[in-house]
Amino acid sequence: MIIVNGTVRFGAGEIERLKGAMAQNVEATRAEDGCEHYAYAVDVSDPDLLHVSERWRDDAAIERHMASPHMGAFMAEVGASKLEGMSIKAYEASFLRNVLGE
């Protein structure tokens, strides 16, 4: 399993402007083969900071995702925004234990 985690810092108001494009990208990505989890979340203390959380079956699924037409369209939207910083990293992982809940 590959876990992808990161943050993207946008200029003021950009996350709100991009919400429609984000929702479309999340919906299309969740339907991809090999996608186990895909989500964006706005930081509750910083409305211009977006958290990215993904889980993929393998690296090949990530490569297909990055080459998909919907990801290309979304990255064009992000590239046209006021982007102040981005750090998104992939980690190889295996299940260890439940920390809370089921």
# chains A, B, ... in the order shown; residues from 1 in each chain; ligands from 1
$ select_by_dssp --residues "stretch 12-68 of chain A" --states "strand (DSSP E)" --output "PDB file with C-alpha atoms, in the first residue's frame"
ATOM      1  CA  CYS A  35      -7.560   4.090  -5.323  1.00  0.00           C
ATOM      2  CA  GLU A  36      -8.413   3.088  -1.769  1.00  0.00           C
ATOM      3  CA  HIS A  37      -8.834   6.587  -0.291  1.00  0.00           C
ATOM      4  CA  TYR A  38      -8.622  10.108  -1.727  1.00  0.00           C
ATOM      5  CA  ALA A  39      -9.559  13.293   0.124  1.00  0.00           C
ATOM      6  CA  TYR A  40      -8.844  16.990   0.469  1.00  0.00           C
ATOM      7  CA  ALA A  41      -9.495  18.868   3.712  1.00  0.00           C
ATOM      8  CA  VAL A  42      -9.214  22.543   4.547  1.00  0.00           C
ATOM      9  CA  ASP A  43      -7.324  23.172   7.786  1.00  0.00           C
ATOM     10  CA  ASP A  46      -6.025  28.124   8.329  1.00  0.00           C
ATOM     11  CA  PRO A  47      -8.540  28.544   5.476  1.00  0.00           C
ATOM     12  CA  ASP A  48      -5.736  28.771   2.890  1.00  0.00           C
ATOM     13  CA  LEU A  49      -4.086  25.450   3.790  1.00  0.00           C
ATOM     14  CA  LEU A  50      -5.296  22.270   2.084  1.00  0.00           C
ATOM     15  CA  HIS A  51      -4.434  18.809   3.434  1.00  0.00           C
ATOM     16  CA  VAL A  52      -4.122  15.979   0.906  1.00  0.00           C
ATOM     17  CA  SER A  53      -4.717  12.380   2.011  1.00  0.00           C
ATOM     18  CA  GLU A  54      -4.505   9.383  -0.333  1.00  0.00           C
ATOM     19  CA  ARG A  55      -4.126   5.613  -0.158  1.00  0.00           C
ATOM     20  CA  TRP A  56      -3.242   3.545  -3.250  1.00  0.00           C
TER      21      TRP A  56
END
$ residues_around --residues "A:Leu83" --least-positions-apart "5" --cutoff "12 Å" --atoms "only C-alpha atoms" --output "MDAnalysis selection string"
chainID A and resid 7:15 18 48:50 75:78
$ closest_residue --among "A:Gly20, A:Gly85, A:Pro69, A:Gly79" --to "A:Gly6" --atoms "only C-alpha atoms"
A:Gly85
$ decode --residues "stretch 1-50 of chain A" --atoms "N, CA and C atoms" --output "PDB file, in the first residue's frame"
ATOM      1  N   MET A   1       0.856  -1.167   0.000  1.00  0.00           N
ATOM      2  CA  MET A   1       0.000   0.000   0.000  1.00  0.00           C
ATOM      3  C   MET A   1       0.903   1.231   0.000  1.00  0.00           C
ATOM      4  N   ILE A   2       0.489   2.251  -0.722  1.00  0.00           N
ATOM      5  CA  ILE A   2       1.192   3.530  -0.769  1.00  0.00           C
ATOM      6  C   ILE A   2       0.280   4.579  -0.129  1.00  0.00           C
ATOM      7  N   ILE A   3       0.811   5.305   0.839  1.00  0.00           N
ATOM      8  CA  ILE A   3       0.092   6.412   1.464  1.00  0.00           C
ATOM      9  C   ILE A   3       0.708   7.709   0.967  1.00  0.00           C
ATOM     10  N   VAL A   4      -0.132   8.602   0.509  1.00  0.00           N
ATOM     11  CA  VAL A   4       0.307   9.917   0.044  1.00  0.00           C
ATOM     12  C   VAL A   4      -0.293  10.941   0.990  1.00  0.00           C
ATOM     13  N   ASN A   5       0.555  11.806   1.499  1.00  0.00           N
ATOM     14  CA  ASN A   5       0.129  12.840   2.442  1.00  0.00           C
ATOM     15  C   ASN A   5       0.827  14.138   2.101  1.00  0.00           C
ATOM     16  N   GLY A   6       0.144  15.236   2.300  1.00  0.00           N
ATOM     17  CA  GLY A   6       0.806  16.504   2.061  1.00  0.00           C
ATOM     18  C   GLY A   6      -0.084  17.690   2.321  1.00  0.00           C
ATOM     19  N   THR A   7       0.482  18.845   2.036  1.00  0.00           N
ATOM     20  CA  THR A   7      -0.240  20.099   2.183  1.00  0.00           C
ATOM     21  C   THR A   7       0.014  20.977   0.965  1.00  0.00           C
ATOM     22  N   VAL A   8      -0.966  21.824   0.696  1.00  0.00           N
ATOM     23  CA  VAL A   8      -0.841  22.825  -0.360  1.00  0.00           C
ATOM     24  C   VAL A   8      -1.303  24.150   0.232  1.00  0.00           C
ATOM     25  N   ARG A   9      -0.459  25.151   0.133  1.00  0.00           N
ATOM     26  CA  ARG A   9      -0.815  26.486   0.613  1.00  0.00           C
ATOM     27  C   ARG A   9      -1.191  27.345  -0.586  1.00  0.00           C
ATOM     28  N   PHE A  10      -2.410  27.872  -0.513  1.00  0.00           N
ATOM     29  CA  PHE A  10      -2.937  28.739  -1.566  1.00  0.00           C
ATOM     30  C   PHE A  10      -3.014  30.167  -1.082  1.00  0.00           C
ATOM     31  N   GLY A  11      -3.078  31.100  -2.017  1.00  0.00           N
ATOM     32  CA  GLY A  11      -3.344  32.489  -1.687  1.00  0.00           C
ATOM     33  C   GLY A  11      -4.771  32.627  -1.168  1.00  0.00           C
ATOM     34  N   ALA A  12      -5.038  33.730  -0.520  1.00  0.00           N
ATOM     35  CA  ALA A  12      -6.345  33.983   0.096  1.00  0.00           C
ATOM     36  C   ALA A  12      -7.487  33.786  -0.901  1.00  0.00           C
ATOM     37  N   GLY A  13      -8.457  32.968  -0.513  1.00  0.00           N
ATOM     38  CA  GLY A  13      -9.662  32.761  -1.307  1.00  0.00           C
ATOM     39  C   GLY A  13      -9.557  31.729  -2.411  1.00  0.00           C
ATOM     40  N   GLU A  14      -8.363  31.232  -2.680  1.00  0.00           N
ATOM     41  CA  GLU A  14      -8.201  30.292  -3.801  1.00  0.00           C
ATOM     42  C   GLU A  14      -8.856  28.939  -3.541  1.00  0.00           C
ATOM     43  N   ILE A  15      -8.803  28.449  -2.331  1.00  0.00           N
ATOM     44  CA  ILE A  15      -9.435  27.156  -2.045  1.00  0.00           C
ATOM     45  C   ILE A  15     -10.938  27.245  -2.301  1.00  0.00           C
ATOM     46  N   GLU A  16     -11.538  28.311  -1.853  1.00  0.00           N
ATOM     47  CA  GLU A  16     -12.981  28.495  -2.085  1.00  0.00           C
ATOM     48  C   GLU A  16     -13.278  28.527  -3.578  1.00  0.00           C
ATOM     49  N   ARG A  17     -12.455  29.208  -4.340  1.00  0.00           N
ATOM     50  CA  ARG A  17     -12.642  29.321  -5.789  1.00  0.00           C
ATOM     51  C   ARG A  17     -12.466  27.959  -6.480  1.00  0.00           C
ATOM     52  N   LEU A  18     -11.603  27.121  -5.954  1.00  0.00           N
ATOM     53  CA  LEU A  18     -11.292  25.841  -6.574  1.00  0.00           C
ATOM     54  C   LEU A  18     -12.165  24.680  -6.088  1.00  0.00           C
ATOM     55  N   LYS A  19     -13.091  24.932  -5.176  1.00  0.00           N
ATOM     56  CA  LYS A  19     -13.870  23.831  -4.576  1.00  0.00           C
ATOM     57  C   LYS A  19     -14.588  22.969  -5.609  1.00  0.00           C
ATOM     58  N   GLY A  20     -15.149  23.561  -6.619  1.00  0.00           N
ATOM     59  CA  GLY A  20     -15.843  22.778  -7.653  1.00  0.00           C
ATOM     60  C   GLY A  20     -14.886  21.856  -8.388  1.00  0.00           C
ATOM     61  N   ALA A  21     -13.734  22.375  -8.778  1.00  0.00           N
ATOM     62  CA  ALA A  21     -12.724  21.563  -9.467  1.00  0.00           C
ATOM     63  C   ALA A  21     -12.196  20.475  -8.544  1.00  0.00           C
ATOM     64  N   MET A  22     -12.040  20.809  -7.272  1.00  0.00           N
ATOM     65  CA  MET A  22     -11.579  19.805  -6.302  1.00  0.00           C
ATOM     66  C   MET A  22     -12.598  18.677  -6.172  1.00  0.00           C
ATOM     67  N   ALA A  23     -13.863  19.014  -6.059  1.00  0.00           N
ATOM     68  CA  ALA A  23     -14.914  18.004  -5.910  1.00  0.00           C
ATOM     69  C   ALA A  23     -14.956  17.087  -7.138  1.00  0.00           C
ATOM     70  N   GLN A  24     -14.828  17.647  -8.333  1.00  0.00           N
ATOM     71  CA  GLN A  24     -14.825  16.835  -9.554  1.00  0.00           C
ATOM     72  C   GLN A  24     -13.628  15.898  -9.575  1.00  0.00           C
ATOM     73  N   ASN A  25     -12.465  16.412  -9.174  1.00  0.00           N
ATOM     74  CA  ASN A  25     -11.261  15.588  -9.178  1.00  0.00           C
ATOM     75  C   ASN A  25     -11.356  14.450  -8.156  1.00  0.00           C
ATOM     76  N   VAL A  26     -11.875  14.751  -6.979  1.00  0.00           N
ATOM     77  CA  VAL A  26     -12.031  13.713  -5.957  1.00  0.00           C
ATOM     78  C   VAL A  26     -12.977  12.621  -6.458  1.00  0.00           C
ATOM     79  N   GLU A  27     -14.104  13.009  -7.024  1.00  0.00           N
ATOM     80  CA  GLU A  27     -15.067  12.023  -7.514  1.00  0.00           C
ATOM     81  C   GLU A  27     -14.466  11.134  -8.594  1.00  0.00           C
ATOM     82  N   ALA A  28     -13.775  11.739  -9.559  1.00  0.00           N
ATOM     83  CA  ALA A  28     -13.171  10.954 -10.643  1.00  0.00           C
ATOM     84  C   ALA A  28     -12.058  10.051 -10.111  1.00  0.00           C
ATOM     85  N   THR A  29     -11.260  10.557  -9.186  1.00  0.00           N
ATOM     86  CA  THR A  29     -10.143   9.774  -8.654  1.00  0.00           C
ATOM     87  C   THR A  29     -10.632   8.601  -7.835  1.00  0.00           C
ATOM     88  N   ARG A  30     -11.658   8.787  -7.036  1.00  0.00           N
ATOM     89  CA  ARG A  30     -12.176   7.686  -6.212  1.00  0.00           C
ATOM     90  C   ARG A  30     -12.684   6.532  -7.055  1.00  0.00           C
ATOM     91  N   ALA A  31     -13.015   6.769  -8.308  1.00  0.00           N
ATOM     92  CA  ALA A  31     -13.492   5.718  -9.210  1.00  0.00           C
ATOM     93  C   ALA A  31     -12.343   4.979  -9.898  1.00  0.00           C
ATOM     94  N   GLU A  32     -11.124   5.442  -9.728  1.00  0.00           N
ATOM     95  CA  GLU A  32      -9.976   4.825 -10.385  1.00  0.00           C
ATOM     96  C   GLU A  32      -9.608   3.480  -9.761  1.00  0.00           C
ATOM     97  N   ASP A  33      -9.178   2.556 -10.612  1.00  0.00           N
ATOM     98  CA  ASP A  33      -8.674   1.274 -10.141  1.00  0.00           C
ATOM     99  C   ASP A  33      -7.425   1.518  -9.300  1.00  0.00           C
ATOM    100  N   GLY A  34      -7.398   0.948  -8.109  1.00  0.00           N
ATOM    101  CA  GLY A  34      -6.240   1.075  -7.238  1.00  0.00           C
ATOM    102  C   GLY A  34      -6.336   2.172  -6.207  1.00  0.00           C
ATOM    103  N   CYS A  35      -7.360   3.030  -6.314  1.00  0.00           N
ATOM    104  CA  CYS A  35      -7.560   4.090  -5.323  1.00  0.00           C
ATOM    105  C   CYS A  35      -8.348   3.524  -4.147  1.00  0.00           C
ATOM    106  N   GLU A  36      -7.745   3.576  -2.975  1.00  0.00           N
ATOM    107  CA  GLU A  36      -8.413   3.088  -1.769  1.00  0.00           C
ATOM    108  C   GLU A  36      -8.964   4.234  -0.922  1.00  0.00           C
ATOM    109  N   HIS A  37      -8.390   5.403  -1.044  1.00  0.00           N
ATOM    110  CA  HIS A  37      -8.834   6.587  -0.291  1.00  0.00           C
ATOM    111  C   HIS A  37      -8.266   7.815  -0.984  1.00  0.00           C
ATOM    112  N   TYR A  38      -9.081   8.869  -1.095  1.00  0.00           N
ATOM    113  CA  TYR A  38      -8.622  10.108  -1.727  1.00  0.00           C
ATOM    114  C   TYR A  38      -9.452  11.246  -1.164  1.00  0.00           C
ATOM    115  N   ALA A  39      -8.805  12.204  -0.504  1.00  0.00           N
ATOM    116  CA  ALA A  39      -9.559  13.293   0.124  1.00  0.00           C
ATOM    117  C   ALA A  39      -8.720  14.553   0.229  1.00  0.00           C
ATOM    118  N   TYR A  40      -9.418  15.675   0.177  1.00  0.00           N
ATOM    119  CA  TYR A  40      -8.844  16.990   0.469  1.00  0.00           C
ATOM    120  C   TYR A  40      -9.583  17.529   1.694  1.00  0.00           C
ATOM    121  N   ALA A  41      -8.862  18.264   2.542  1.00  0.00           N
ATOM    122  CA  ALA A  41      -9.495  18.868   3.712  1.00  0.00           C
ATOM    123  C   ALA A  41      -8.857  20.229   3.969  1.00  0.00           C
ATOM    124  N   VAL A  42      -9.702  21.214   4.194  1.00  0.00           N
ATOM    125  CA  VAL A  42      -9.214  22.543   4.547  1.00  0.00           C
ATOM    126  C   VAL A  42      -8.891  22.556   6.036  1.00  0.00           C
ATOM    127  N   ASP A  43      -7.743  23.094   6.393  1.00  0.00           N
ATOM    128  CA  ASP A  43      -7.324  23.172   7.786  1.00  0.00           C
ATOM    129  C   ASP A  43      -8.304  24.053   8.565  1.00  0.00           C
ATOM    130  N   VAL A  44      -8.764  23.579   9.725  1.00  0.00           N
ATOM    131  CA  VAL A  44      -9.753  24.334  10.504  1.00  0.00           C
ATOM    132  C   VAL A  44      -9.173  25.627  11.083  1.00  0.00           C
ATOM    133  N   SER A  45      -7.858  25.708  11.197  1.00  0.00           N
ATOM    134  CA  SER A  45      -7.229  26.916  11.739  1.00  0.00           C
ATOM    135  C   SER A  45      -6.642  27.823  10.670  1.00  0.00           C
ATOM    136  N   ASP A  46      -6.646  27.358   9.421  1.00  0.00           N
ATOM    137  CA  ASP A  46      -6.025  28.124   8.329  1.00  0.00           C
ATOM    138  C   ASP A  46      -6.799  27.878   7.043  1.00  0.00           C
ATOM    139  N   PRO A  47      -7.679  28.776   6.642  1.00  0.00           N
ATOM    140  CA  PRO A  47      -8.540  28.544   5.476  1.00  0.00           C
ATOM    141  C   PRO A  47      -7.805  28.529   4.133  1.00  0.00           C
ATOM    142  N   ASP A  48      -6.506  28.785   4.134  1.00  0.00           N
ATOM    143  CA  ASP A  48      -5.736  28.771   2.890  1.00  0.00           C
ATOM    144  C   ASP A  48      -4.796  27.568   2.804  1.00  0.00           C
ATOM    145  N   LEU A  49      -4.930  26.639   3.762  1.00  0.00           N
ATOM    146  CA  LEU A  49      -4.086  25.450   3.790  1.00  0.00           C
ATOM    147  C   LEU A  49      -4.941  24.210   3.513  1.00  0.00           C
ATOM    148  N   LEU A  50      -4.577  23.471   2.481  1.00  0.00           N
ATOM    149  CA  LEU A  50      -5.296  22.270   2.084  1.00  0.00           C
ATOM    150  C   LEU A  50      -4.460  21.046   2.453  1.00  0.00           C
TER     151      LEU A  50
END
